[in-house]
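Pasting start.cif here (mmCIF, C-alpha atoms (C1' of nucleotides)):
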data_structure
loop_
_atom_site.label_atom_id
_atom_site.label_comp_id
_atom_site.auth_asym_id
_atom_site.auth_seq_id
_atom_site.Cartn_x
_atom_site.Cartn_y
_atom_site.Cartn_z
CA MET A 2 88.62 -14.20 -57.54
CA SER A 3 85.21 -12.93 -56.57
CA GLN A 4 85.65 -10.13 -59.10
CA MET A 5 85.55 -12.69 -61.90
CA ARG A 6 81.78 -13.10 -61.62
CA ARG A 7 79.53 -11.69 -64.21
CA ALA A 8 78.91 -7.95 -64.01
CA ASP A 9 75.15 -8.21 -63.47
CA ALA A 10 75.75 -10.58 -60.54
CA ARG A 11 77.97 -8.05 -58.82
CA PHE A 12 75.42 -5.35 -59.48
CA ASN A 13 72.64 -7.42 -57.94
CA ARG A 14 74.79 -8.22 -54.92
CA ASP A 15 75.18 -4.50 -54.28
CA ARG A 16 71.46 -3.96 -54.67
CA VAL A 17 70.78 -6.69 -52.11
CA MET A 18 73.26 -5.24 -49.63
CA ALA A 19 71.76 -1.78 -49.98
CA ALA A 20 68.23 -3.10 -49.55
CA ALA A 21 69.28 -5.15 -46.51
CA ARG A 22 70.98 -2.16 -44.91
CA GLU A 23 67.89 -0.05 -45.34
CA ALA A 24 65.47 -2.79 -44.30
CA PHE A 25 67.43 -3.75 -41.16
CA ALA A 26 67.76 -0.13 -40.11
CA SER A 27 64.10 0.72 -40.53
CA ALA A 28 62.32 -2.52 -39.69
CA GLY A 29 64.79 -4.35 -37.44
CA LEU A 30 66.91 -7.43 -37.87
CA GLU A 31 63.91 -9.73 -38.15
CA VAL A 32 62.61 -8.58 -41.52
CA PRO A 33 61.79 -11.57 -43.73
CA MET A 34 64.19 -12.50 -46.50
CA ARG A 35 61.33 -12.12 -48.98
CA GLU A 36 61.01 -8.50 -47.91
CA VAL A 37 64.70 -7.80 -48.46
CA ALA A 38 64.48 -9.41 -51.90
CA ARG A 39 61.40 -7.38 -52.73
CA ARG A 40 63.07 -4.11 -51.72
CA ALA A 41 66.10 -5.04 -53.79
CA GLY A 42 63.92 -5.84 -56.77
CA VAL A 43 65.32 -9.37 -57.13
CA GLY A 44 64.00 -12.88 -56.53
CA VAL A 45 64.75 -14.75 -53.31
CA ALA A 46 66.98 -17.20 -55.17
CA THR A 47 69.29 -14.38 -56.17
CA LEU A 48 69.49 -13.25 -52.60
CA TYR A 49 70.34 -16.77 -51.44
CA ARG A 50 72.96 -17.25 -54.13
CA HIS A 51 74.91 -14.28 -52.78
CA PHE A 52 74.21 -14.96 -49.09
CA PRO A 53 73.61 -18.69 -48.58
CA THR A 54 71.91 -18.16 -45.24
CA ARG A 55 70.06 -15.43 -43.44
CA THR A 56 72.76 -15.17 -40.79
CA GLU A 57 75.40 -14.49 -43.42
CA LEU A 58 73.40 -11.62 -44.88
CA VAL A 59 72.97 -10.03 -41.47
CA ALA A 60 76.65 -10.53 -40.67
CA ALA A 61 77.65 -8.95 -43.99
CA VAL A 62 75.58 -5.84 -43.31
CA LEU A 63 76.76 -5.48 -39.72
CA ALA A 64 80.39 -5.99 -40.69
CA GLU A 65 80.31 -2.66 -42.49
CA ARG A 66 79.46 -0.86 -39.27
CA VAL A 67 81.45 -2.84 -36.76
CA ASP A 68 84.67 -1.30 -38.02
CA ASP A 69 83.30 2.14 -37.29
CA CYS A 70 82.65 1.10 -33.70
CA GLY A 71 86.27 0.08 -33.36
CA VAL A 72 87.38 3.48 -34.67
CA ARG A 73 85.25 5.27 -32.09
CA MET A 74 86.58 3.05 -29.33
CA ARG A 75 90.17 3.85 -30.28
CA ARG A 76 89.33 7.53 -30.36
CA ALA A 77 87.95 7.23 -26.82
CA LEU A 78 91.15 5.49 -25.73
CA ASP A 79 93.10 8.51 -26.95
CA ASP A 80 91.02 10.94 -24.93
CA PRO A 81 93.10 12.32 -22.03
CA ASP A 82 89.98 12.91 -19.92
CA PRO A 83 88.92 9.51 -18.51
CA TRP A 84 85.40 10.56 -17.58
CA ARG A 85 84.66 12.20 -20.91
CA ALA A 86 85.99 9.11 -22.66
CA LEU A 87 83.83 6.63 -20.75
CA SER A 88 80.63 8.64 -20.62
CA GLY A 89 81.13 9.47 -24.29
CA VAL A 90 81.24 5.78 -25.11
CA VAL A 91 77.95 5.24 -23.31
CA ARG A 92 76.33 8.13 -25.14
CA GLU A 93 77.71 7.05 -28.50
CA PHE A 94 76.35 3.60 -27.79
CA ALA A 95 72.90 5.03 -27.17
CA GLU A 96 73.17 7.21 -30.24
CA ARG A 97 74.00 4.14 -32.27
CA GLN A 98 71.05 2.41 -30.70
CA ILE A 99 68.81 4.98 -32.28
CA HIS A 100 70.25 4.84 -35.78
CA ASP A 101 71.57 1.31 -36.12
CA ARG A 102 69.25 -0.54 -33.85
CA GLU A 103 70.70 -3.95 -34.44
CA LEU A 104 74.41 -3.41 -34.04
CA ASN A 105 74.89 -3.01 -30.34
CA GLU A 106 73.85 -6.35 -28.99
CA VAL A 107 76.21 -8.06 -31.37
CA LEU A 108 79.02 -6.25 -29.60
CA LEU A 109 77.81 -7.28 -26.15
CA GLY A 110 76.16 -10.64 -26.12
CA PRO A 111 76.70 -14.02 -27.68
CA GLY A 112 73.68 -14.27 -29.93
CA GLU A 113 73.68 -16.42 -33.03
CA LEU A 114 75.40 -13.52 -34.75
CA GLY A 115 77.98 -13.24 -32.05
CA ALA A 116 80.06 -16.06 -33.43
CA ALA A 117 80.87 -14.04 -36.53
CA PHE A 118 82.25 -11.11 -34.55
CA GLN A 119 84.11 -12.70 -31.66
CA LYS A 120 87.28 -10.76 -32.39
CA GLU A 121 85.50 -7.41 -32.56
CA ARG A 122 83.62 -8.18 -29.35
CA ARG A 123 86.81 -9.03 -27.53
CA GLU A 124 88.48 -5.82 -28.69
CA HIS A 125 85.46 -3.80 -27.67
CA ALA A 126 85.40 -5.42 -24.24
CA GLN A 127 89.11 -4.88 -23.65
CA ALA A 128 88.93 -1.23 -24.66
CA LEU A 129 85.99 -0.76 -22.30
CA ASN A 130 87.97 -2.37 -19.50
CA VAL A 131 90.82 0.07 -20.07
CA LEU A 132 88.45 3.03 -20.01
CA VAL A 133 86.90 1.84 -16.75
CA VAL A 134 90.27 1.26 -15.10
CA ARG A 135 91.38 4.76 -16.06
CA ALA A 136 88.16 6.34 -14.90
CA ARG A 137 88.39 4.51 -11.61
CA ALA A 138 92.01 5.61 -11.18
CA ALA A 139 90.88 9.17 -11.82
CA GLY A 140 88.30 8.80 -9.06
CA VAL A 141 85.34 9.75 -11.23
CA LEU A 142 83.49 6.45 -10.71
CA ARG A 143 81.10 5.66 -7.92
CA ASP A 144 82.52 3.19 -5.41
CA GLY A 145 82.07 -0.40 -6.48
CA VAL A 146 81.42 0.33 -10.13
CA GLY A 147 83.38 -1.95 -12.45
CA ALA A 148 83.45 -2.88 -16.08
CA ASP A 149 80.63 -5.38 -15.51
CA ASP A 150 78.34 -2.62 -14.30
CA VAL A 151 79.05 -0.48 -17.33
CA ARG A 152 78.52 -3.45 -19.60
CA ALA A 153 75.21 -4.16 -17.87
CA GLY A 154 74.18 -0.58 -18.53
CA LEU A 155 75.03 -0.88 -22.20
CA LEU A 156 73.16 -4.17 -22.33
CA ALA A 157 70.10 -2.47 -20.88
CA ILE A 158 70.28 0.22 -23.55
CA ALA A 159 70.69 -2.37 -26.27
CA SER A 160 67.76 -4.43 -25.02
CA LEU A 161 65.38 -1.49 -25.29
CA ARG A 162 65.07 -2.03 -28.99
CA ARG A 163 63.36 -5.37 -28.39
CA LEU A 164 60.33 -3.74 -26.80
CA PRO A 165 57.25 -2.90 -28.86
CA ALA A 166 57.90 -0.24 -31.48
CA THR A 167 56.27 2.44 -29.36
CA THR A 168 59.49 2.74 -27.37
CA SER A 169 60.63 6.16 -28.39
CA VAL A 170 63.98 7.69 -29.08
CA ARG A 171 63.45 9.78 -25.98
CA VAL A 172 63.42 6.78 -23.64
CA ILE A 173 66.79 5.63 -24.96
CA GLY A 174 68.26 9.02 -24.16
CA LEU A 175 66.79 8.98 -20.66
CA VAL A 176 68.22 5.54 -19.95
CA ALA A 177 71.61 6.60 -21.25
CA ASP A 178 71.55 9.58 -18.87
CA LEU A 179 70.56 7.25 -16.05
CA VAL A 180 73.45 4.91 -16.77
CA VAL A 181 75.94 7.77 -16.99
CA ALA A 182 74.66 9.22 -13.71
CA GLY A 183 74.66 5.76 -12.14
CA ILE A 184 78.35 5.13 -12.69
CA ARG A 185 79.55 8.62 -11.79
CA ALA A 186 81.12 9.26 -8.41
CA MET B 27 26.84 -18.89 -13.47
CA SER B 28 30.29 -19.98 -14.41
CA GLN B 29 30.20 -22.44 -11.54
CA MET B 30 27.41 -24.29 -13.28
CA ARG B 31 29.81 -25.87 -15.80
CA ARG B 32 30.56 -29.48 -15.62
CA ALA B 33 33.04 -30.49 -12.96
CA ASP B 34 35.63 -31.90 -15.37
CA ALA B 35 35.60 -28.65 -17.34
CA ARG B 36 36.43 -26.65 -14.24
CA PHE B 37 39.16 -29.13 -13.37
CA ASN B 38 40.69 -28.83 -16.83
CA ARG B 39 40.55 -25.06 -16.70
CA ASP B 40 42.61 -25.14 -13.53
CA ARG B 41 45.09 -27.54 -15.10
CA VAL B 42 45.48 -25.19 -18.07
CA MET B 43 46.00 -22.15 -15.85
CA ALA B 44 48.62 -23.99 -13.79
CA ALA B 45 50.44 -25.20 -16.90
CA ALA B 46 50.35 -21.71 -18.44
CA ARG B 47 51.70 -20.14 -15.24
CA GLU B 48 54.58 -22.56 -15.17
CA ALA B 49 55.26 -22.39 -18.91
CA PHE B 50 55.23 -18.59 -19.05
CA ALA B 51 57.51 -18.30 -16.04
CA SER B 52 60.08 -20.77 -17.31
CA ALA B 53 59.99 -20.33 -21.07
CA GLY B 54 58.65 -16.81 -21.53
CA LEU B 55 55.41 -15.39 -22.83
CA GLU B 56 55.98 -16.72 -26.34
CA VAL B 57 55.57 -20.42 -25.62
CA PRO B 58 53.30 -22.01 -28.23
CA MET B 59 49.74 -22.81 -27.30
CA ARG B 60 50.41 -26.45 -28.22
CA GLU B 61 53.12 -26.52 -25.58
CA VAL B 62 50.83 -25.17 -22.87
CA ALA B 63 48.22 -27.76 -23.84
CA ARG B 64 50.83 -30.51 -23.75
CA ARG B 65 52.03 -29.49 -20.29
CA ALA B 66 48.44 -29.39 -19.07
CA GLY B 67 47.76 -32.82 -20.52
CA VAL B 68 44.80 -31.62 -22.58
CA GLY B 69 44.14 -31.06 -26.28
CA VAL B 70 44.45 -27.64 -27.87
CA ALA B 71 40.70 -27.45 -28.41
CA THR B 72 40.13 -27.67 -24.65
CA LEU B 73 42.59 -24.87 -24.12
CA TYR B 74 40.83 -22.70 -26.70
CA ARG B 75 37.41 -23.43 -25.28
CA HIS B 76 38.43 -21.96 -21.92
CA PHE B 77 40.55 -19.14 -23.39
CA PRO B 78 39.25 -18.21 -26.85
CA THR B 79 42.47 -16.46 -27.82
CA ARG B 80 46.10 -16.56 -26.86
CA THR B 81 45.95 -13.02 -25.53
CA GLU B 82 43.15 -13.95 -23.14
CA LEU B 83 45.16 -16.81 -21.68
CA VAL B 84 48.16 -14.57 -21.10
CA ALA B 85 45.94 -11.89 -19.59
CA ALA B 86 44.29 -14.43 -17.27
CA VAL B 87 47.65 -15.61 -15.95
CA LEU B 88 49.02 -12.11 -15.51
CA ALA B 89 45.86 -10.91 -13.78
CA GLU B 90 46.68 -13.13 -10.82
CA ARG B 91 49.93 -11.26 -10.27
CA VAL B 92 48.95 -7.73 -11.18
CA ASP B 93 46.97 -7.43 -7.96
CA ASP B 94 50.07 -8.26 -5.98
CA CYS B 95 51.90 -5.41 -7.70
CA GLY B 96 49.19 -3.03 -6.58
CA VAL B 97 49.55 -4.22 -3.02
CA ARG B 98 53.29 -3.58 -3.05
CA MET B 99 52.76 -0.15 -4.56
CA ARG B 100 50.33 0.79 -1.80
CA ARG B 101 52.78 -0.47 0.80
CA ALA B 102 55.45 1.77 -0.71
CA LEU B 103 53.05 4.72 -0.54
CA ASP B 104 52.71 4.10 3.20
CA ASP B 105 56.46 4.16 3.77
CA PRO B 106 57.41 7.36 5.64
CA ASP B 107 60.92 7.31 4.09
CA PRO B 108 60.58 8.62 0.51
CA TRP B 109 63.93 7.30 -0.69
CA ARG B 110 63.44 3.84 0.73
CA ALA B 111 59.99 3.75 -0.84
CA LEU B 112 61.12 4.71 -4.33
CA SER B 113 64.33 2.70 -4.46
CA GLY B 114 62.44 -0.22 -2.97
CA VAL B 115 59.98 -0.08 -5.84
CA VAL B 116 62.81 -0.23 -8.35
CA ARG B 117 64.38 -3.19 -6.59
CA GLU B 118 61.07 -4.99 -6.26
CA PHE B 119 60.53 -4.41 -9.93
CA ALA B 120 63.87 -6.02 -10.75
CA GLU B 121 63.14 -8.87 -8.35
CA ARG B 122 59.87 -9.45 -10.12
CA GLN B 123 61.73 -9.36 -13.40
CA ILE B 124 63.67 -12.40 -12.30
CA HIS B 125 60.73 -14.48 -11.15
CA ASP B 126 57.85 -13.30 -13.29
CA ARG B 127 59.63 -12.25 -16.41
CA GLU B 128 56.56 -11.26 -18.32
CA LEU B 129 54.68 -9.08 -15.89
CA ASN B 130 56.62 -5.88 -15.83
CA GLU B 131 56.27 -4.61 -19.33
CA VAL B 132 52.53 -4.97 -19.09
CA LEU B 133 52.64 -2.40 -16.30
CA LEU B 134 54.76 0.00 -18.30
CA GLY B 135 54.08 -0.13 -21.99
CA PRO B 136 51.12 -0.45 -24.28
CA GLY B 137 51.73 -3.82 -25.84
CA GLU B 138 48.92 -5.95 -27.18
CA LEU B 139 48.36 -7.06 -23.60
CA GLY B 140 48.30 -3.53 -22.32
CA ALA B 141 44.71 -2.97 -23.31
CA ALA B 142 43.55 -5.53 -20.76
CA PHE B 143 45.27 -3.79 -17.87
CA GLN B 144 44.81 -0.10 -18.56
CA LYS B 145 43.36 0.56 -15.12
CA GLU B 146 46.19 -1.19 -13.32
CA ARG B 147 48.76 0.61 -15.43
CA ARG B 148 47.25 3.96 -14.64
CA GLU B 149 47.21 3.24 -10.92
CA HIS B 150 50.81 2.05 -11.05
CA ALA B 151 51.86 5.19 -12.93
CA GLN B 152 50.06 7.51 -10.52
CA ALA B 153 51.54 5.83 -7.47
CA LEU B 154 54.99 6.12 -9.03
CA ASN B 155 54.40 9.81 -9.67
CA VAL B 156 53.51 10.32 -6.02
CA LEU B 157 56.64 8.51 -4.88
CA VAL B 158 58.82 10.62 -7.18
CA VAL B 159 57.23 13.88 -6.03
CA ARG B 160 57.81 12.96 -2.40
CA ALA B 161 61.38 11.88 -3.05
CA ARG B 162 62.09 15.09 -4.90
CA ALA B 163 60.56 17.12 -2.07
CA ALA B 164 62.80 15.27 0.35
CA GLY B 165 65.81 16.24 -1.76
CA VAL B 166 67.03 12.68 -2.31
CA LEU B 167 66.78 12.83 -6.11
CA ARG B 168 69.45 14.01 -8.48
CA ASP B 169 68.62 17.34 -10.10
CA GLY B 170 66.39 17.00 -13.13
CA VAL B 171 65.21 13.48 -12.37
CA GLY B 172 61.48 13.09 -12.85
CA ALA B 173 58.93 10.32 -13.07
CA ASP B 174 59.75 9.82 -16.73
CA ASP B 175 63.36 9.03 -15.91
CA VAL B 176 62.36 6.47 -13.30
CA ARG B 177 59.90 4.95 -15.72
CA ALA B 178 62.62 4.78 -18.39
CA GLY B 179 64.82 2.95 -15.89
CA LEU B 180 62.10 0.44 -15.15
CA LEU B 181 61.50 0.02 -18.87
CA ALA B 182 65.19 -0.75 -19.35
CA ILE B 183 65.02 -3.41 -16.64
CA ALA B 184 61.89 -4.90 -18.17
CA SER B 185 63.38 -4.99 -21.65
CA LEU B 186 66.33 -7.09 -20.51
CA ARG B 187 64.21 -10.19 -20.62
CA ARG B 188 63.91 -9.89 -24.38
CA LEU B 189 67.59 -10.52 -24.95
CA PRO B 190 68.88 -14.03 -25.64
CA ALA B 191 68.43 -16.39 -22.73
CA THR B 192 72.08 -16.05 -21.70
CA THR B 193 71.24 -12.78 -19.98
CA SER B 194 71.76 -13.73 -16.39
CA VAL B 195 70.00 -12.86 -13.19
CA ARG B 196 73.15 -11.02 -12.19
CA VAL B 197 72.87 -8.49 -15.01
CA ILE B 198 69.36 -7.57 -13.91
CA GLY B 199 70.64 -6.84 -10.43
CA LEU B 200 73.49 -4.71 -11.78
CA VAL B 201 71.13 -2.67 -13.94
CA ALA B 202 68.78 -2.16 -11.00
CA ASP B 203 71.70 -0.85 -8.94
CA LEU B 204 72.65 1.44 -11.80
CA VAL B 205 69.15 2.85 -12.03
CA VAL B 206 68.93 3.39 -8.29
CA ALA B 207 72.32 5.11 -8.26
CA GLY B 208 71.36 7.11 -11.33
CA ILE B 209 68.33 8.74 -9.74
CA ARG B 210 69.88 9.41 -6.33
CA ALA B 211 71.05 12.88 -5.43
"C1'" DC C 3 21.24 -46.92 -15.72
"C1'" DC C 4 20.42 -44.43 -19.82
"C1'" DG C 5 20.40 -40.85 -23.14
"C1'" DG C 6 21.34 -36.15 -24.61
"C1'" DA C 7 24.14 -32.40 -24.12
"C1'" DA C 8 28.63 -30.71 -22.60
"C1'" DA C 9 33.32 -31.35 -23.15
"C1'" DC C 10 37.03 -33.49 -25.30
"C1'" DG C 11 41.26 -34.66 -28.49
"C1'" DG C 12 43.83 -34.20 -32.33
"C1'" DA C 13 43.82 -33.77 -37.29
"C1'" DG C 14 43.51 -30.00 -40.27
"C1'" DC C 15 43.46 -25.07 -42.06
"C1'" DA C 16 45.53 -20.66 -43.02
"C1'" DG C 17 49.46 -17.92 -42.85
"C1'" DC C 18 53.96 -17.00 -41.71
"C1'" DT C 19 58.93 -18.14 -41.92
"C1'" DG C 20 63.81 -19.79 -44.07
"C1'" DT C 21 65.46 -22.33 -47.87
"C1'" DT C 22 65.61 -25.09 -52.35
"C1'" DC C 23 64.45 -26.50 -57.17
"C1'" DC C 24 64.13 -25.86 -61.83
"C1'" DG C 25 62.89 -24.02 -66.31
"C1'" DC C 26 64.03 -19.71 -68.54
"C1'" DT C 27 66.88 -15.42 -69.61
"C1'" DG C 28 70.54 -12.62 -70.82
"C1'" DT C 29 75.69 -12.18 -70.77
"C1'" DG C 30 80.10 -12.53 -72.44
"C1'" DT C 31 83.15 -15.20 -75.22
"C1'" DG C 32 85.00 -17.79 -79.17
"C1'" DC D 19 76.83 -13.47 -84.21
"C1'" DA D 20 75.68 -17.72 -81.93
"C1'" DC D 21 75.64 -20.52 -78.25
"C1'" DA D 22 77.04 -22.45 -73.48
"C1'" DC D 23 76.31 -21.61 -69.19
"C1'" DA D 24 76.26 -18.24 -65.15
"C1'" DG D 25 72.62 -16.15 -63.21
"C1'" DC D 26 67.80 -15.33 -62.67
"C1'" DG D 27 62.72 -15.37 -60.79
"C1'" DG D 28 59.21 -17.35 -58.46
"C1'" DA D 29 56.74 -21.50 -57.38
"C1'" DA D 30 57.25 -24.99 -54.05
"C1'" DC D 31 58.81 -27.42 -49.72
"C1'" DA D 32 59.32 -28.03 -44.83
"C1'" DG D 33 58.36 -26.46 -40.40
"C1'" DC D 34 56.57 -23.34 -37.32
"C1'" DT D 35 52.63 -20.66 -35.48
"C1'" DG D 36 47.47 -19.45 -33.80
"C1'" DC D 37 43.14 -21.27 -34.32
"C1'" DT D 38 38.90 -24.37 -35.94
"C1'" DC D 39 36.14 -28.56 -37.11
"C1'" DC D 40 34.12 -32.61 -36.07
"C1'" DG D 41 33.70 -37.44 -34.67
"C1'" DT D 42 34.13 -39.52 -30.04
"C1'" DT D 43 34.06 -39.75 -25.03
"C1'" DT D 44 32.33 -38.46 -20.52
"C1'" DC D 45 29.32 -36.46 -17.25
"C1'" DC D 46 25.10 -36.17 -14.78
"C1'" DG D 47 19.85 -35.35 -14.29
"C1'" DG D 48 15.86 -38.15 -14.63
#
Translate this file's structure into structure tokens.
Amino acid sequence: MSQMRRADARFNRDRVMAAAREAFASAGLEVPMREVARRAGVGVATLYRHFPTRTELVAAVLAERVDDCGVRMRRALDDPDPWRALSGVVREFAERQIHDRELNEVLLGPGELGAAFQKERREHAQALNVLVVRARAAGVLRDGVGADDVRAGLLAIASLRRLPATTSVRVIGLVADLVVAGIRA
Amino acid sequence: MSQMRRADARFNRDRVMAAAREAFASAGLEVPMREVARRAGVGVATLYRHFPTRTELVAAVLAERVDDCGVRMRRALDDPDPWRALSGVVREFAERQIHDRELNEVLLGPGELGAAFQKERREHAQALNVLVVRARAAGVLRDGVGADDVRAGLLAIASLRRLPATTSVRVIGLVADLVVAGIRA
DNA sequence: CCGGAAACGGAGCAGCTGTTCCGCTGTGTG
DNA sequence: CACACAGCGGAACAGCTGCTCCGTTTCCGG
């Protein structure tokens, strides 16, 4: 059982997770391990005992949020209005881009993290396909627009975070509007 | 006179420029200086004697292409069809994204390189403004679309190159189509 | 064809990263 | 309450980066 560990160990693990969450959100996925340890008030060895590799720490933090994405996707699938469902997904994606800058590309592309979330990515992709098919059937999509186009739009939104920090929240919103307008009939 | 340098020095400078061009185009702007030197068949010291800092080498390579961007912009300004001019600029931008992956964001955002090309960036921005005003006057733009939206679209295209290498040429084309469709009336 | 200066190459420095090692500390149990 | 050992901190290692130093080679004017 993992609960059998000493109490202080569990406490430190929580401190590390909290520090990593905060650090990733504010400084991006590339913050040094030393920095996470410093924010958590522990030594690097402690950090590495709980998360043997950097990738595992990142995966652990993202895992908390990935579930939430699935919930939102299912909610969109329940929406009777196909256009509102699809455009809402795009806007939610952009919204997420602002607050949880790192999460989105895990859902879209096969980075080094991707391997840890293959199942979630597949589910996300399938749900998106359904939404696109419905929207197309409802005639609210521009001719020729398919799931690949929507995915490309999401990818473009996700990639914005990799530009120099000056890229503002406003630009993300503008691009999201552009994507929504670009797929509409 | 810079022509007064020894002949072998000039020769090596050309070799370095050629190697940097090729390396930047194929491996991105972040290739190590050692790698550029290796490709050029010279030592790192030679590289640093001709380009005292990494930034200067990058700027020197990009400078060759920036002029070409200006030429294309002026050609677009001469186009009597406002929509063809503006959408052509977006498509050319995406095209350039494929071949010269590094150039575009210099034109758009203030990275560390930006300082070296302020004039070019300003010209590019002004020309884009003119194209947008004309397109709007011609009624070919969707309501509410301004120069900032077009710039955001270009920024999105430029940022795609920062994703993992798996991002294909095809995605760039799809995003460009999305942007063009997103600004059209 | 020779000598001094210009140019060269690559080892080396400083600083960053992820990860490991090891002597010490503090916890929980008998 | 003592003591074994899980857990700890931080120095240290390996490997990357941009950049510099300096002994050696090469050019080219006289």
Which residues, named as in the file, does the PyMOL selection byres ((chain C and resi 11-20) around 7) pick out? Answer as a list in words.
Gly69 of chain B; DC10 and DT21 of chain C
Can you check which residues of chain A have any atom within 12 Å of chain D? Use only C-alpha atoms (C1' of nucleotides) and format it as a PDB file with C-alpha atoms, keeping the file's coordinate frame.
ATOM      1  CA  MET A   5      85.550 -12.690 -61.900  1.00  0.00           C
ATOM      2  CA  ARG A   6      81.780 -13.100 -61.620  1.00  0.00           C
ATOM      3  CA  ARG A   7      79.530 -11.690 -64.210  1.00  0.00           C
ATOM      4  CA  ALA A   8      78.910  -7.950 -64.010  1.00  0.00           C
ATOM      5  CA  ASP A   9      75.150  -8.210 -63.470  1.00  0.00           C
ATOM      6  CA  ALA A  10      75.750 -10.580 -60.540  1.00  0.00           C
ATOM      7  CA  ARG A  11      77.970  -8.050 -58.820  1.00  0.00           C
ATOM      8  CA  PHE A  12      75.420  -5.350 -59.480  1.00  0.00           C
ATOM      9  CA  ASN A  13      72.640  -7.420 -57.940  1.00  0.00           C
ATOM     10  CA  ARG A  14      74.790  -8.220 -54.920  1.00  0.00           C
ATOM     11  CA  ARG A  35      61.330 -12.120 -48.980  1.00  0.00           C
ATOM     12  CA  ALA A  38      64.480  -9.410 -51.900  1.00  0.00           C
ATOM     13  CA  ARG A  39      61.400  -7.380 -52.730  1.00  0.00           C
ATOM     14  CA  GLY A  42      63.920  -5.840 -56.770  1.00  0.00           C
ATOM     15  CA  VAL A  43      65.320  -9.370 -57.130  1.00  0.00           C
ATOM     16  CA  GLY A  44      64.000 -12.880 -56.530  1.00  0.00           C
ATOM     17  CA  VAL A  45      64.750 -14.750 -53.310  1.00  0.00           C
ATOM     18  CA  ALA A  46      66.980 -17.200 -55.170  1.00  0.00           C
ATOM     19  CA  THR A  47      69.290 -14.380 -56.170  1.00  0.00           C
ATOM     20  CA  LEU A  48      69.490 -13.250 -52.600  1.00  0.00           C
ATOM     21  CA  TYR A  49      70.340 -16.770 -51.440  1.00  0.00           C
ATOM     22  CA  ARG A  50      72.960 -17.250 -54.130  1.00  0.00           C
ATOM     23  CA  HIS A  51      74.910 -14.280 -52.780  1.00  0.00           C
TER      24      HIS A  51
END
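The nearest approach to chain A among the residues C:DA9, C:DC3, C:DG25, C:DG30, with all atoms listed in the file taken into account, belongs to C:DG30.
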Could you tell me which residues of chain A sit within 8 Å of chain C when counting all atoms listed in the file, and give me the result as an NGL selection string?
:A and (7 or 33-34 or 55)
With 8 Å as the cut-off and only C-alpha atoms counted, what is the closest atom pair between each nearby residue of chain A and chain B? Distances in Å to one decimal, ordered by chain and number, as JSON lines.
{"residue": "A:Pro111", "atom": "CA", "partner": "B:Thr192", "partner_atom": "CA", "distance": 7.8}
{"residue": "A:Gly112", "atom": "CA", "partner": "B:Pro190", "partner_atom": "CA", "distance": 6.4}
{"residue": "A:Asp150", "atom": "CA", "partner": "B:Leu200", "partner_atom": "CA", "distance": 5.9}
{"residue": "A:Ala153", "atom": "CA", "partner": "B:Val197", "partner_atom": "CA", "distance": 5.7}
{"residue": "A:Gly154", "atom": "CA", "partner": "B:Val201", "partner_atom": "CA", "distance": 5.9}
{"residue": "A:Leu156", "atom": "CA", "partner": "B:Leu186", "partner_atom": "CA", "distance": 7.6}
{"residue": "A:Ala157", "atom": "CA", "partner": "B:Ala182", "partner_atom": "CA", "distance": 5.4}
{"residue": "A:Ile158", "atom": "CA", "partner": "B:Ala182", "partner_atom": "CA", "distance": 6.7}
{"residue": "A:Ser160", "atom": "CA", "partner": "B:Leu186", "partner_atom": "CA", "distance": 5.4}
{"residue": "A:Leu161", "atom": "CA", "partner": "B:Ser185", "partner_atom": "CA", "distance": 5.4}
{"residue": "A:Arg163", "atom": "CA", "partner": "B:Arg188", "partner_atom": "CA", "distance": 6.1}
{"residue": "A:Leu164", "atom": "CA", "partner": "B:Ser185", "partner_atom": "CA", "distance": 6.1}
{"residue": "A:Pro165", "atom": "CA", "partner": "B:Gly137", "partner_atom": "CA", "distance": 6.4}
{"residue": "A:Thr167", "atom": "CA", "partner": "B:Pro136", "partner_atom": "CA", "distance": 7.8}
{"residue": "A:Val172", "atom": "CA", "partner": "B:Ala178", "partner_atom": "CA", "distance": 5.7}
{"residue": "A:Ile173", "atom": "CA", "partner": "B:Ala178", "partner_atom": "CA", "distance": 7.8}
{"residue": "A:Leu175", "atom": "CA", "partner": "B:Asp175", "partner_atom": "CA", "distance": 5.9}
{"residue": "A:Val176", "atom": "CA", "partner": "B:Ala178", "partner_atom": "CA", "distance": 5.9}
{"residue": "A:Asp178", "atom": "CA", "partner": "B:Gly208", "partner_atom": "CA", "distance": 7.9}
{"residue": "A:Leu179", "atom": "CA", "partner": "B:Gly208", "partner_atom": "CA", "distance": 4.8}
{"residue": "A:Val180", "atom": "CA", "partner": "B:Leu204", "partner_atom": "CA", "distance": 6.1}
{"residue": "A:Val181", "atom": "CA", "partner": "B:Gly208", "partner_atom": "CA", "distance": 7.3}
{"residue": "A:Ala182", "atom": "CA", "partner": "B:Gly208", "partner_atom": "CA", "distance": 4.6}
{"residue": "A:Gly183", "atom": "CA", "partner": "B:Gly208", "partner_atom": "CA", "distance": 3.7}
{"residue": "A:Ile184", "atom": "CA", "partner": "B:Leu204", "partner_atom": "CA", "distance": 6.8}
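Distance-wise, CA of Ala64 (chain A) and CA of Ala28 (chain A) end up 18.4 Å apart.
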Work out how far apart CA of Pro81 (chain A) and CA of Ile99 (chain A) are and give it in Å to one decimal.
27.4 Å
Point-to-point distance from CA of Leu112 (chain B) to CA of Val158 (chain B), Å rounded to tenths
7.0 Å
Excluding Asp82 (chain A) and any residue of its chain fewer than 2 positions from it, enumerate the residues within 12 Å of it, using all atoms listed in the file, and give them as JSON, numbers by chain.
{"A": [76, 77, 78, 79, 80, 84, 85, 86, 87, 88, 89, 132, 133, 135, 136, 137, 138, 139, 140, 141]}
